[in-house]
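Visitor: Provided herewith is a single structure, encoded as structure tokens, for subsequent inquiry.
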Amino acid sequence: MAQKETSSKSRRWLGLSGAAVLVANLVLTGTTIAFQQEGEVNHALGIEGAGASYGGTEFSADGTLSDASYEKYIEAAYQFCEQEEEEGSVLLYNRNNALPLSESERNVTVFGRGSIDPVFRSTAGGSSTNPDYQKTPVDALQDAGFNVNQTVLDAYASAEAPKERSVSSVGEYDPALFTGSVTDSFASYGDVAFVTLSRFATEGNDLAMVNDKGKRMLELDDNEKAIFQKIKDSGKFKKTVVLLNSVFAMEMDWLDEYNVDAVLWVGNPGFYGMPGAIRVVTGEVNPSGHTTATFAANSLSAPSAENFGLHAYNYGSKTPRAAGDSFVSYNEGIYVGYRYYETRYEDTILGQGNADSAVGTKASTDGWNYAEEVCFPFGYGLSYTNYEYSLDKLDYNSDTDTFTATVTVNNTGDRDGKATVELYAQTPYTDYDKQNNVEKSSIQLLGYDKIDVAAGASETVTVDVPGYFLASYDAKGAKGYILDAGDYYFAVGNGAHEALNNVLAAKCGDAVAGKLIDQDGNVVTGNTAAVATWTAPNTEVDTQKYRNSRYNSDVEVTNTFDDADVNYWANDDEKITYLSRSAWDTTYPTTLETLTVNDKLYNGLNMQTYVKAADAKSVSDFNLGVELDEKINFSDMIGVAFDDPKWNDFLSQLTLSDLLINMGDSKGIKAVKAVNKPGCTIVDGPEGMNGQFKYGDRRNCTGWATLPIVGATWNHDVQTRFGEMYGEDALYASI
């Protein structure tokens with residue numbers, strides 16, 4: 001009996017000790033995680049947030065931040081979200097002035113998953129939504145006074161959920177939902193058919209070139225084609241308006257086929273910006289956005305498409321390196337986006353470099369044709385008024401190495417508007433460049449501005465450009481920046497293509513008469529009044545003017561990354577030819593499917609070994625943990641210049657442990673008490689912070705329009721304001 005009792009006690013103690021070990025492990029693990037994620041934990045608990053002291057300022061205590069100011073900020077933030085869309089939405093197409101809609105055109109039908117479930121933003125690195133305030137296209141239309149066909153909305157609500165939207169799936173609804181009773185409703189809501197097209201990709205997941213059906217992801221999906229066909233066949237709609245809910249430049253060569261009347265690119269508008277885009281539709285706002293990419297007729301027609309994606313190393317019998325799963329070969333060089341399409345256009349017009357060959361064309365087998373390759377150029381955008389541009393004067397200040405272009409914009413229409421002034425340049429493409437593989441884009445963006453111009457009025461603006469923007473990098477000959485001799489052409493226009501046509505008209509005169517075309521294939525003359533010329537003072541290539549860094553004249557700018565070239569590593573039979581405008585037909589990229597890992601490359605892929613530099617300093621070379629006669633706090637360093645010696649004194653107060661604290665970045669950095677540096681919370685999110693406000697209703701941080709929209713505003717003030725508003729979000733969220 002005693003033996004049984006002892007065994008029972010032993011089992012109880014074993015159980016208790018096991019539980020104790022488990023609890024200890026949980027506590028230890030939890031404590032470790034808590035320390036690692038200190039910033040995030042403190043943020044969730046409100047520690048070092050709303051009541052924190054930053055440089056002696058008690059934000060909540062002195063009224064600087066409060067629930068009342070928070071309410072005003074939220075109103076301002078959501079208004080700014082709409083402003084981003086007002087100025088960033090791009091009117092691409094407007095047949096017969098279909099937009100803006102009149103007050104009588106208010107009975108509308110929406111089509112497409114994006115109308116009710118748009119791609120607000122990518123999923124990675126962004127704030128969460130506040131569902132009560134987010135706006136879909138349908139929400140924005142209804143708020144603007146449109147009567148939206150409820151029968152179609154009900155059909156979408158009751159339809160089987162479509163395939164998950166992903167980087168390789170459009171995820172559009174099956175058009176079978178448009179039954180007879182649904183299509184019968186079109187007649188009562190036939191003023192406008194609104195079709196929203198969406199595409200999705202995110203961090204670490206590029207949009208696929210083709211989907212699992214072998215179709216290009218940026219062409220119309222079969223279900224999308226069925227929607228347009230249904231609209232066309234019904235004959236019930238007066239207008240068809242497309243909203244492009246995608247940051248990607250979709251293929252748009254189908255507009256005539258489906259009788260589309262207008263296209264407005266709205267990008268990914270964030271959770272609250274869509275009402276701004278609908279104000280463009282109604283005409284409350286005059287569109288002023290311009291594209292930030294070239295809309296190609298075939299999204300795979302660019303030379304960069306030939307080697308897009310990851311390609312496999314061939315290790316043979318070698319053991320694969322941890323850092324060497326795959327590679328990308330950039331055979332296209334500088335010819336990406338408009339730098340490809342516009343450069344090949346000029347060379348085709350001028351009969352240079354065999355640019356008119358069929359090599360690389362996806363639209364025709366008869367030879368390369370700009371109008372068949374491009375739907376909408378880079379920098380292009382329509383307005384409800386018309387602007388005329390003239391480049392009145394070009395000044396060069398040799399002391400500051402700055403060009404100043406004086407541009408006048410005349411609003412010849414009957415509506416006030418915001419005009420974007422885009423300044424481009426063409427630099428000489430010389431024999432030296434051809435011999436040394438220095439490639440030149442036929443046109444390049446230098447600077448821009450945006451100005452208000454009243455109907456019938458003119459405004460003049462100046463655009464300043466650093467001179468070094470005209471330099472080119474010569475990696476083979478000078479191994480540094482060069483400035484070619486010859487004439488440099490500056491031009492303004494509605495996008496890169498119009499600016500290039502203006503340059504060609506000024507440079508070539510009658511030689512290009514009847515040859516210049518716009519993206520629709522219409523013959524244009526070019527505007528020579530929008531062009532100015534500057535002749536470089538050097539008569540031969542200048543390899544010294546930009547030899548040294550403009551930030552530090554003692555530092556020579558020269559090749560540092562020769563090993564970034566695949567030809568540095570590849571065997572002779574796998575070396576690539578880089579695309580050159582001197583011979584489009586023989587240098588156009590081919591796909592490098594695999595790369596043999598030879599001994600040189602195998603050793604180069606060993607990125608796991610750090611070799612300490614011979615002149616590297618040790619900890620003992622620095623004064624650490626010094627007690628100064630007068631302590632320097634973290635807040636004392638506000639505004640102190642980077643190269644001010646006070647930084648050395650400030651840092652000398654820190655011990656090695658203090659310094660190591662600041663290397664940690666796991667959702668936050670701990671406080672450094674030695675210099676009264678507060679701890680801080682760190683979150684990610686280029687489209688809005690992944691956090692919550694600490695005031696008022698404590699909603700999630702603002703989900704802004706994505707950055708392609710901010711870029712498409714072409715407005716420095718809006719872009720600056722975006723940064724300021726982001727900072728305000730951080731203050732109210734204690735981030």
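Note on naming: chains are A, B, ... as they come in the structure tokens, residues start from 1 per chain, ligands start from 1 in the order shown.
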Give me the residues within 8 Å of A:Leu595 as a PyMOL selection string, counting only C-alpha atoms and dropping any in the same chain fewer than 4 places off.
Guide: chain A and resi 312-314+570+574
Visitor: Just the residues within 9 Å of A:Pro100, please, counting only C-alpha atoms, with nothing from its chain fewer than 6 positions along; format it as a ChimeraX atom specification.
Guide: /A:280-284,286,384
Visitor: Keeping only N, CA and C atoms, write the selected residues to a file as a PDB file, in the first residue's frame.
Guide:
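Saved the output as out_22.pdb:
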```
ATOM      1  N   VAL A 280     -14.479  62.901 -61.912  1.00  0.00           N
ATOM      2  CA  VAL A 280     -13.964  63.098 -63.270  1.00  0.00           C
ATOM      3  C   VAL A 280     -15.015  62.675 -64.286  1.00  0.00           C
ATOM      4  N   VAL A 281     -15.713  61.573 -64.013  1.00  0.00           N
ATOM      5  CA  VAL A 281     -16.747  61.067 -64.914  1.00  0.00           C
ATOM      6  C   VAL A 281     -17.879  62.085 -65.062  1.00  0.00           C
ATOM      7  N   THR A 282     -18.258  62.717 -63.964  1.00  0.00           N
ATOM      8  CA  THR A 282     -19.378  63.664 -64.002  1.00  0.00           C
ATOM      9  C   THR A 282     -18.965  65.043 -64.503  1.00  0.00           C
ATOM     10  N   GLY A 283     -17.666  65.301 -64.562  1.00  0.00           N
ATOM     11  CA  GLY A 283     -17.194  66.604 -65.008  1.00  0.00           C
ATOM     12  C   GLY A 283     -17.027  67.607 -63.901  1.00  0.00           C
ATOM     13  N   GLU A 284     -17.336  67.208 -62.663  1.00  0.00           N
ATOM     14  CA  GLU A 284     -17.070  68.099 -61.538  1.00  0.00           C
ATOM     15  C   GLU A 284     -15.585  68.411 -61.458  1.00  0.00           C
ATOM     16  N   ASN A 286     -12.064  68.327 -63.910  1.00  0.00           N
ATOM     17  CA  ASN A 286     -11.501  68.198 -65.248  1.00  0.00           C
ATOM     18  C   ASN A 286     -10.288  67.276 -65.162  1.00  0.00           C
ATOM     19  N   TYR A 384     -10.888  67.749 -70.603  1.00  0.00           N
ATOM     20  CA  TYR A 384     -12.134  68.234 -71.184  1.00  0.00           C
ATOM     21  C   TYR A 384     -11.948  69.597 -71.840  1.00  0.00           C
TER      22      TYR A 384
END
```
Visitor: Run DSSP on the backbone and give me the residues of stretch 582-713 of chain A it puts in helix (DSSP H, G or I), as JSON, numbers by chain.
Guide: {"A": [584, 585, 586, 587, 599, 600, 601, 602, 603, 604, 619, 620, 621, 634, 635, 636, 637, 646, 647, 648, 649, 650, 651, 652, 656, 657, 658, 659, 660, 661, 673, 674, 675, 707, 708, 709, 710, 711, 712]}
Visitor: Export, as a compact mmCIF listing (two decimals), in the first residue's frame, the selected residues with C-alpha atoms.
Guide:
```
# COMPACT_ATOMS: atom_id res chain seq x y z
CA TRP A 584 17.66 46.33 -84.00
CA ASP A 585 17.35 43.21 -86.12
CA THR A 586 20.56 41.43 -85.10
CA THR A 587 20.70 42.47 -81.43
CA ASP A 599 33.87 27.26 -61.58
CA LYS A 600 34.07 31.06 -61.67
CA LEU A 601 30.32 31.48 -61.24
CA TYR A 602 30.17 28.73 -58.61
CA ASN A 603 32.66 30.58 -56.46
CA GLY A 604 30.88 33.86 -57.09
CA VAL A 619 35.34 48.33 -31.61
CA SER A 620 38.43 49.33 -29.62
CA ASP A 621 39.14 52.04 -32.22
CA PHE A 634 18.63 62.36 -28.66
CA SER A 635 16.32 65.33 -29.10
CA ASP A 636 19.31 67.69 -29.12
CA MET A 637 20.32 66.21 -32.47
CA LYS A 646 28.59 66.91 -32.79
CA TRP A 647 27.44 63.49 -33.98
CA ASN A 648 30.75 61.98 -32.90
CA ASP A 649 30.30 63.41 -29.41
CA PHE A 650 26.70 62.22 -29.26
CA LEU A 651 27.55 58.67 -30.35
CA SER A 652 30.51 58.46 -27.98
CA LEU A 656 28.27 48.79 -27.60
CA SER A 657 25.03 47.41 -26.13
CA ASP A 658 23.29 50.74 -26.75
CA LEU A 659 24.44 50.73 -30.34
CA LEU A 660 23.30 47.15 -30.88
CA ILE A 661 19.80 48.08 -29.72
CA LYS A 673 17.94 55.44 -21.90
CA ALA A 674 21.52 56.73 -21.98
CA VAL A 675 20.49 59.52 -24.37
CA LEU A 707 1.85 55.10 -55.69
CA PRO A 708 1.27 54.74 -59.46
CA ILE A 709 -1.75 57.01 -58.92
CA VAL A 710 0.39 59.49 -56.97
CA GLY A 711 2.88 59.43 -59.84
CA ALA A 712 0.13 59.86 -62.44
```
Visitor: Identify, on the basis of only C-alpha atoms, every residue whose closest approach to A:Asn522 does not exceed 12 Å; exclude the query and any residue fewer than 4 positions from it along the same chain; express the result as a count of residues only.
Guide: 9
Visitor: Please indicate the distance in Å from atom CA of A:Arg279 to atom CA of A:Asp253, rounded to one decimal place.
Guide: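 Going from atom CA of A:Arg279 over to atom CA of A:Asp253 covers 26.4 Å.
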Visitor: Show which residues sit within 10 Å of A:Gly360, as a ChimeraX atom specification. Count only C-alpha atoms, and ignore same-chain residues fewer than 6 positions away.
Guide: /A:300-303,306,367-368,584-585,588-590
Visitor: Write a file of the just-selected residues containing C-alpha atoms, as a PDB file, in the first residue's frame.
Guide:
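Dumped everything to out.pdb:
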```pdb
ATOM      1  CA  LEU A 300       4.742  40.955 -74.448  1.00  0.00           C
ATOM      2  CA  SER A 301       5.966  43.115 -77.335  1.00  0.00           C
ATOM      3  CA  ALA A 302       8.723  44.815 -75.340  1.00  0.00           C
ATOM      4  CA  PRO A 303      12.232  43.319 -75.526  1.00  0.00           C
ATOM      5  CA  GLU A 306      11.977  37.985 -73.681  1.00  0.00           C
ATOM      6  CA  GLY A 367       7.497  45.217 -90.211  1.00  0.00           C
ATOM      7  CA  TRP A 368       7.483  47.361 -87.110  1.00  0.00           C
ATOM      8  CA  TRP A 584      17.664  46.326 -84.003  1.00  0.00           C
ATOM      9  CA  ASP A 585      17.352  43.205 -86.125  1.00  0.00           C
ATOM     10  CA  TYR A 588      17.050  41.979 -80.425  1.00  0.00           C
ATOM     11  CA  PRO A 589      17.008  39.793 -77.271  1.00  0.00           C
ATOM     12  CA  THR A 590      16.521  36.074 -77.302  1.00  0.00           C
TER      13      THR A 590
END
```
Visitor: Work out how far atom CA of A:Asp154 is from atom CA of A:Phe186, in Å to one decimal.
Guide: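 Between these atoms lies a distance of 13.5 Å.
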Visitor: Within 9 Å of A:Gln426, counting only C-alpha atoms, which residues qualify if same-chain residues fewer than 4 places away don't, as a PyMOL selection string?
Guide: chain A and resi 440-444+470+487-491+500+503
Visitor: Could you give me, as a short mmCIF file (atom, residue, chain, number, x, y, z; two decimals) with N, CA and C atoms, in the first residue's frame, the residues within 10 Å of A:Leu264, counting only C-alpha atoms and dropping anything in the same chain fewer than 2 positions from it?
Guide:
```
data_model
loop_
_atom_site.label_atom_id
_atom_site.label_comp_id
_atom_site.auth_asym_id
_atom_site.auth_seq_id
_atom_site.Cartn_x
_atom_site.Cartn_y
_atom_site.Cartn_z
N SER A 89 -6.29 60.05 -61.87
CA SER A 89 -7.04 59.28 -62.86
C SER A 89 -6.71 59.82 -64.25
N VAL A 90 -6.52 58.92 -65.19
CA VAL A 90 -6.10 59.32 -66.54
C VAL A 90 -7.20 59.00 -67.54
N LEU A 91 -7.68 60.04 -68.21
CA LEU A 91 -8.65 59.85 -69.29
C LEU A 91 -7.88 59.45 -70.54
N LEU A 92 -7.99 58.18 -70.90
CA LEU A 92 -7.22 57.64 -72.02
C LEU A 92 -7.95 57.79 -73.35
N TYR A 93 -9.25 57.70 -73.29
CA TYR A 93 -10.02 57.61 -74.53
C TYR A 93 -11.37 58.27 -74.29
N ASN A 94 -11.84 59.07 -75.27
CA ASN A 94 -13.09 59.80 -75.07
C ASN A 94 -13.71 60.10 -76.43
N LEU A 99 -17.54 61.65 -72.34
CA LEU A 99 -17.42 62.18 -70.98
C LEU A 99 -17.07 63.66 -71.07
N THR A 196 -15.89 47.70 -65.19
CA THR A 196 -14.64 47.82 -64.43
C THR A 196 -13.79 46.59 -64.66
N VAL A 241 -18.61 52.92 -70.87
CA VAL A 241 -17.46 53.57 -70.22
C VAL A 241 -16.69 52.52 -69.43
N VAL A 242 -15.39 52.47 -69.64
CA VAL A 242 -14.53 51.48 -68.97
C VAL A 242 -13.73 52.17 -67.89
N LEU A 243 -13.72 51.56 -66.70
CA LEU A 243 -12.85 51.97 -65.60
C LEU A 243 -11.74 50.93 -65.47
N LEU A 244 -10.51 51.34 -65.67
CA LEU A 244 -9.38 50.42 -65.55
C LEU A 244 -8.87 50.42 -64.12
N ASN A 245 -9.27 49.40 -63.39
CA ASN A 245 -8.91 49.26 -61.98
C ASN A 245 -7.66 48.38 -61.90
N ALA A 262 -15.53 55.55 -73.81
CA ALA A 262 -14.55 56.25 -72.98
C ALA A 262 -13.84 55.27 -72.07
N VAL A 266 -8.12 54.30 -63.43
CA VAL A 266 -8.23 54.73 -62.04
C VAL A 266 -7.21 54.03 -61.15
N GLY A 267 -6.43 53.10 -61.72
CA GLY A 267 -5.41 52.42 -60.94
C GLY A 267 -6.00 51.67 -59.77
N ALA A 277 -12.47 59.71 -58.60
CA ALA A 277 -12.50 59.29 -59.99
C ALA A 277 -13.88 59.53 -60.60
N ILE A 278 -14.93 59.30 -59.84
CA ILE A 278 -16.28 59.49 -60.36
C ILE A 278 -16.56 60.98 -60.59
N VAL A 280 -14.48 62.90 -61.91
CA VAL A 280 -13.96 63.10 -63.27
C VAL A 280 -15.02 62.68 -64.29
N VAL A 281 -15.71 61.57 -64.01
CA VAL A 281 -16.75 61.07 -64.91
C VAL A 281 -17.88 62.09 -65.06
N PRO A 287 -10.27 66.17 -65.91
CA PRO A 287 -9.15 65.22 -65.77
C PRO A 287 -7.81 65.87 -66.10
N GLY A 289 -4.71 63.76 -65.11
CA GLY A 289 -3.70 62.73 -64.92
C GLY A 289 -3.06 62.33 -66.23
N GLY A 381 -2.38 61.90 -71.60
CA GLY A 381 -3.63 62.05 -70.88
C GLY A 381 -4.51 63.10 -71.52
N LEU A 382 -5.82 62.84 -71.54
CA LEU A 382 -6.77 63.77 -72.13
C LEU A 382 -7.40 64.66 -71.07
#
```
Visitor: Quick one: distance from atom CA of A:Glu498 to atom CA of A:Val438 in Å, one decimal?
Guide: 25.0 Å
Visitor: With only C-alpha atoms as the counted atoms, please give the residues lying no more than 7 Å from A:Glu459, apart from itself and same-chain residues fewer than 4 positions off, as a count of residues only.
Guide: 4
Visitor: Which residues in stretch 233-299 of chain A does DSSP call strand (DSSP E)? List them as number ranges by chain.
Guide: A: 239-245, 262-265, 295-296
